[in-house]
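Next comes coords.cif, a file with mmCIF, C-alpha atoms.
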```
data_work
#
loop_
_atom_site.label_atom_id
_atom_site.label_comp_id
_atom_site.auth_asym_id
_atom_site.auth_seq_id
_atom_site.Cartn_x
_atom_site.Cartn_y
_atom_site.Cartn_z
CA MET O 1 48.81 -119.50 34.81
CA ARG O 2 47.18 -116.11 34.36
CA ILE O 3 50.54 -114.51 33.66
CA ALA O 4 50.35 -116.25 30.26
CA GLY O 5 48.09 -113.35 29.26
CA TYR O 6 51.21 -111.87 27.70
CA VAL O 7 50.20 -113.99 24.68
CA PHE O 8 47.38 -111.52 24.00
CA LEU O 9 49.91 -108.69 24.06
CA ALA O 10 52.18 -110.54 21.62
CA LEU O 11 49.26 -111.25 19.30
CA TYR O 12 48.39 -107.55 19.39
CA VAL O 13 51.97 -106.57 18.52
CA TYR O 14 51.93 -108.93 15.53
CA GLY O 15 48.58 -107.56 14.34
CA ILE O 16 46.60 -110.73 14.98
CA LEU O 17 44.22 -109.36 17.66
CA PRO O 18 42.81 -105.84 17.99
CA GLY O 19 44.15 -103.61 20.73
CA SER O 20 40.68 -102.89 22.10
CA PHE O 21 40.55 -106.53 23.19
CA ALA O 22 44.16 -107.69 23.54
CA LEU O 23 45.49 -104.84 25.67
CA PRO O 24 42.94 -104.95 28.53
CA ALA O 25 42.78 -108.76 28.45
CA GLY O 26 46.56 -109.20 28.32
CA TRP O 27 47.53 -106.59 30.90
CA GLY O 28 44.73 -107.69 33.23
CA ASP O 29 45.87 -111.31 33.12
CA VAL O 30 49.49 -110.33 33.62
CA ALA O 31 48.59 -108.12 36.61
CA ILE O 32 46.60 -110.88 38.30
CA GLY O 33 49.28 -113.49 37.54
CA VAL O 34 52.19 -111.34 38.78
CA THR O 35 50.43 -110.44 42.03
CA ALA O 36 49.37 -114.04 42.80
CA PRO O 37 52.58 -114.97 44.70
CA PHE O 38 52.28 -111.86 46.86
CA VAL O 39 48.66 -112.64 47.66
CA ALA O 40 49.67 -116.21 48.52
CA MET O 41 52.30 -114.90 50.95
CA LYS O 42 49.60 -112.87 52.70
CA LEU O 43 47.61 -116.08 53.26
CA VAL O 44 50.00 -117.09 56.00
CA ASN O 45 47.95 -114.77 58.19
CA ARG O 46 44.25 -115.53 57.87
CA SER O 47 43.36 -112.01 58.99
CA HIS O 48 43.96 -110.89 55.38
CA ARG O 49 40.79 -112.63 54.24
CA THR O 50 39.14 -109.44 52.98
CA ALA O 51 42.15 -108.50 50.85
CA PHE O 52 42.28 -112.04 49.44
CA ILE O 53 38.59 -111.95 48.52
CA PHE O 54 39.07 -108.51 46.93
CA TRP O 55 41.93 -109.91 44.82
CA GLN O 56 39.71 -112.79 43.71
CA ILE O 57 37.00 -110.32 42.69
CA LEU O 58 39.60 -108.37 40.71
CA GLY O 59 40.51 -111.59 38.90
CA MET O 60 36.86 -112.25 38.10
CA THR O 61 36.44 -108.66 36.92
CA ASP O 62 39.39 -109.10 34.58
CA LEU O 63 37.81 -112.21 33.07
CA VAL O 64 34.45 -110.48 32.56
CA THR O 65 36.18 -107.44 31.08
CA ALA O 66 38.19 -109.59 28.66
CA VAL O 67 35.11 -111.45 27.44
CA GLY O 68 33.14 -108.21 27.16
CA MET O 69 35.90 -106.44 25.26
CA GLY O 70 36.34 -109.44 22.99
CA THR O 71 32.66 -109.31 22.16
CA ALA O 72 32.49 -105.55 21.78
CA SER O 73 35.80 -105.11 19.94
CA ARG O 74 34.20 -105.39 16.52
CA PHE O 75 32.18 -102.27 17.37
CA LEU O 76 35.04 -100.44 19.09
CA SER O 77 37.92 -101.18 16.74
CA ALA O 78 38.22 -99.05 13.63
CA SER O 79 40.91 -101.30 12.18
CA GLN O 80 40.53 -104.34 9.96
CA ILE O 81 41.86 -106.60 12.72
CA THR O 82 39.12 -108.70 14.35
CA THR O 83 38.86 -111.28 17.10
CA ALA O 84 38.12 -114.02 14.55
CA GLN O 85 41.33 -115.79 15.58
CA MET O 86 39.73 -116.43 18.99
CA THR O 87 37.23 -118.75 17.29
CA VAL O 88 39.77 -121.27 15.97
CA LEU O 89 42.14 -123.64 17.74
CA PRO O 90 44.26 -123.15 19.81
CA LEU O 91 42.96 -119.71 20.84
CA SER O 92 39.36 -120.93 20.99
CA LEU O 93 40.33 -122.96 24.07
CA ILE O 94 40.74 -119.74 26.05
CA PRO O 95 37.10 -118.51 25.98
CA THR O 96 35.60 -122.01 25.96
CA PHE O 97 37.66 -123.70 28.69
CA ALA O 98 40.21 -121.44 30.39
CA VAL O 99 37.94 -118.49 31.21
CA PRO O 100 35.14 -120.63 32.73
CA LEU O 101 37.70 -122.72 34.62
CA PHE O 102 39.43 -119.68 36.12
CA PHE O 103 36.08 -118.10 36.96
CA VAL O 104 35.00 -121.22 38.85
CA LEU O 105 38.37 -121.38 40.64
CA HIS O 106 37.92 -117.77 41.78
CA ILE O 107 34.44 -118.60 43.11
CA ILE O 108 35.76 -121.67 44.95
CA SER O 109 38.58 -119.59 46.46
CA ILE O 110 36.12 -116.99 47.71
CA ALA O 111 33.85 -119.68 49.18
CA GLN O 112 36.79 -121.25 51.00
CA ALA O 113 38.04 -117.89 52.24
CA ARG O 114 34.61 -117.09 53.68
CA ARG O 115 34.89 -120.27 55.80
CA TRP O 116 38.36 -119.50 57.18
CA HIS O 117 37.03 -118.42 60.55
CA GLU O 118 35.13 -121.71 60.87
CA THR O 119 38.19 -123.86 60.31
CA MET O 120 40.42 -122.15 62.84
CA PRO O 121 41.75 -124.66 65.38
CA LEU O 122 40.95 -124.26 69.06
CA PRO O 123 43.81 -123.36 71.42
CA ASN O 124 44.27 -127.06 72.31
CA GLY O 125 44.71 -127.93 68.60
CA GLU O 126 41.29 -129.51 68.09
CA LEU O 127 38.93 -128.34 65.39
CA LEU O 128 35.52 -126.94 66.08
CA PRO O 129 32.81 -129.60 65.76
CA GLY O 130 31.60 -130.12 62.20
CA THR O 131 34.55 -128.41 60.53
CA ALA O 132 37.52 -129.74 58.65
CA LEU O 133 40.69 -128.29 57.28
#
```
Can you give me the file's structure in the form of structure tokens?
Amino acid sequence: MRIAGYVFLALYVYGILPGSFALPAGWGDVAIGVTAPFVAMKLVNRSHRTAFIFWQILGMTDLVTAVGMGTASRFLSASQITTAQMTVLPLSLIPTFAVPLFFVLHIISIAQARRWHETMPLPNGELLPGTAL
């Protein structure tokens, strides 16, 4: 879903959003979205937990950067283009629903990754007591 950040880039090209917001937000989302399948392939081996958590933190950093740049763009952008379009539907759904949802999903993913060692099956196929897959 994050690869849909190309929308910010398109809105920048058409002069609807300022570059100080749209470029970092768009390219950050595209980068996280494009790398997601490769990160998922690494999950086959649970020893890549640290890299997976790092990727989740990068995703969270992108979200924080996008919100920060959206807020600060009126001070950083010398052009007449503002982020006012982000306050009306359908774009207002991004900061009000999508960003918090993705942030929570990143946190859940990190919490689950931190428990990977606890959910490893024993050599006989049983789970450790008190754990579940």
Å distance separating atom CA of Arg2 of chain O from atom CA of Gln80 of chain O, one decimal place: 27.9 Å
To test your reading of the syntax: which residues would the PyMOL selection byres ((chain O and resi 17) around 9) return for the file shown? Reply as an mmCIF file with C-alpha atoms, in the frame of the given file.
```
data_model
loop_
_atom_site.group_PDB
_atom_site.id
_atom_site.type_symbol
_atom_site.label_atom_id
_atom_site.label_comp_id
_atom_site.auth_asym_id
_atom_site.auth_seq_id
_atom_site.Cartn_x
_atom_site.Cartn_y
_atom_site.Cartn_z
ATOM 1 C CA PHE O 8 47.380 -111.520 24.000
ATOM 2 C CA LEU O 9 49.910 -108.690 24.060
ATOM 3 C CA ALA O 10 52.180 -110.540 21.620
ATOM 4 C CA LEU O 11 49.260 -111.250 19.300
ATOM 5 C CA TYR O 12 48.390 -107.550 19.390
ATOM 6 C CA VAL O 13 51.970 -106.570 18.520
ATOM 7 C CA TYR O 14 51.930 -108.930 15.530
ATOM 8 C CA GLY O 15 48.580 -107.560 14.340
ATOM 9 C CA ILE O 16 46.600 -110.730 14.980
ATOM 10 C CA PRO O 18 42.810 -105.840 17.990
ATOM 11 C CA GLY O 19 44.150 -103.610 20.730
ATOM 12 C CA SER O 20 40.680 -102.890 22.100
ATOM 13 C CA PHE O 21 40.550 -106.530 23.190
ATOM 14 C CA ALA O 22 44.160 -107.690 23.540
ATOM 15 C CA ILE O 81 41.860 -106.600 12.720
ATOM 16 C CA THR O 82 39.120 -108.700 14.350
ATOM 17 C CA THR O 83 38.860 -111.280 17.100
ATOM 18 C CA ALA O 84 38.120 -114.020 14.550
ATOM 19 C CA GLN O 85 41.330 -115.790 15.580
ATOM 20 C CA MET O 86 39.730 -116.430 18.990
#
```
All residues 9 Å or closer to segment 93-107 of chain O, all atoms listed in the file, same chain fewer than 4 positions away omitted, as number ranges by chain: O: 2, 53, 56-57, 59-60, 63-64, 67, 86-89, 111-112
Given the PyMOL selection byres ((chain O and resi 5) around 8), the residues it picks as a list of chain:residue names: O:Arg2, O:Ile3, O:Ala4, O:Tyr6, O:Val7, O:Phe8, O:Leu9, O:Ala25, O:Gly26, O:Trp27, O:Gly28, O:Asp29, O:Val30
Save out the residues we just selected, C-alpha atoms, as a PDB file, keeping the file's coordinate frame.
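Listed below is the output, again.pdb:
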```
ATOM      1  CA  ARG O   2      47.180-116.110  34.360  1.00  0.00           C
ATOM      2  CA  ILE O   3      50.540-114.510  33.660  1.00  0.00           C
ATOM      3  CA  ALA O   4      50.350-116.250  30.260  1.00  0.00           C
ATOM      4  CA  TYR O   6      51.210-111.870  27.700  1.00  0.00           C
ATOM      5  CA  VAL O   7      50.200-113.990  24.680  1.00  0.00           C
ATOM      6  CA  PHE O   8      47.380-111.520  24.000  1.00  0.00           C
ATOM      7  CA  LEU O   9      49.910-108.690  24.060  1.00  0.00           C
ATOM      8  CA  ALA O  25      42.780-108.760  28.450  1.00  0.00           C
ATOM      9  CA  GLY O  26      46.560-109.200  28.320  1.00  0.00           C
ATOM     10  CA  TRP O  27      47.530-106.590  30.900  1.00  0.00           C
ATOM     11  CA  GLY O  28      44.730-107.690  33.230  1.00  0.00           C
ATOM     12  CA  ASP O  29      45.870-111.310  33.120  1.00  0.00           C
ATOM     13  CA  VAL O  30      49.490-110.330  33.620  1.00  0.00           C
TER      14      VAL O  30
END
```
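Between atom CA of Met69 of chain O and atom CA of Leu23 of chain O the interatomic distance comes to 9.7 Å.
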Distance of atom CA of Pro24 of chain O from atom CA of Ala66 of chain O, expressed in Å to one decimal place: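 Those two atoms sit 6.6 Å apart.
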10 Å contact set for Ala51 of chain O, all atoms listed in the file, chain neighbours under 6 positions out, as a ChimeraX atom specification: /O:39,42-43,57
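The shortest atom-to-atom distance to Trp55 of chain O, with all atoms listed in the file taken into account, belongs to O:Ala36 out of O:Leu91, O:Ala36, O:Met41, O:Ala72.
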Counting all atoms listed in the file, the option among O:Thr50, O:Ser109, O:Gly70, O:Met1 closest to Pro37 of chain O: O:Met1
Just need the box for segment 58-77 of chain O, edges along x, y and z, holding every atom the file lists for it with 5 Å tacked onto each side, so centre and edge lengths in Å to one decimal, as JSON.
```
{"center_x": 36.3, "center_y": -106.3, "center_z": 28.6, "size_x": 18.3, "size_y": 21.8, "size_z": 34.2}
```
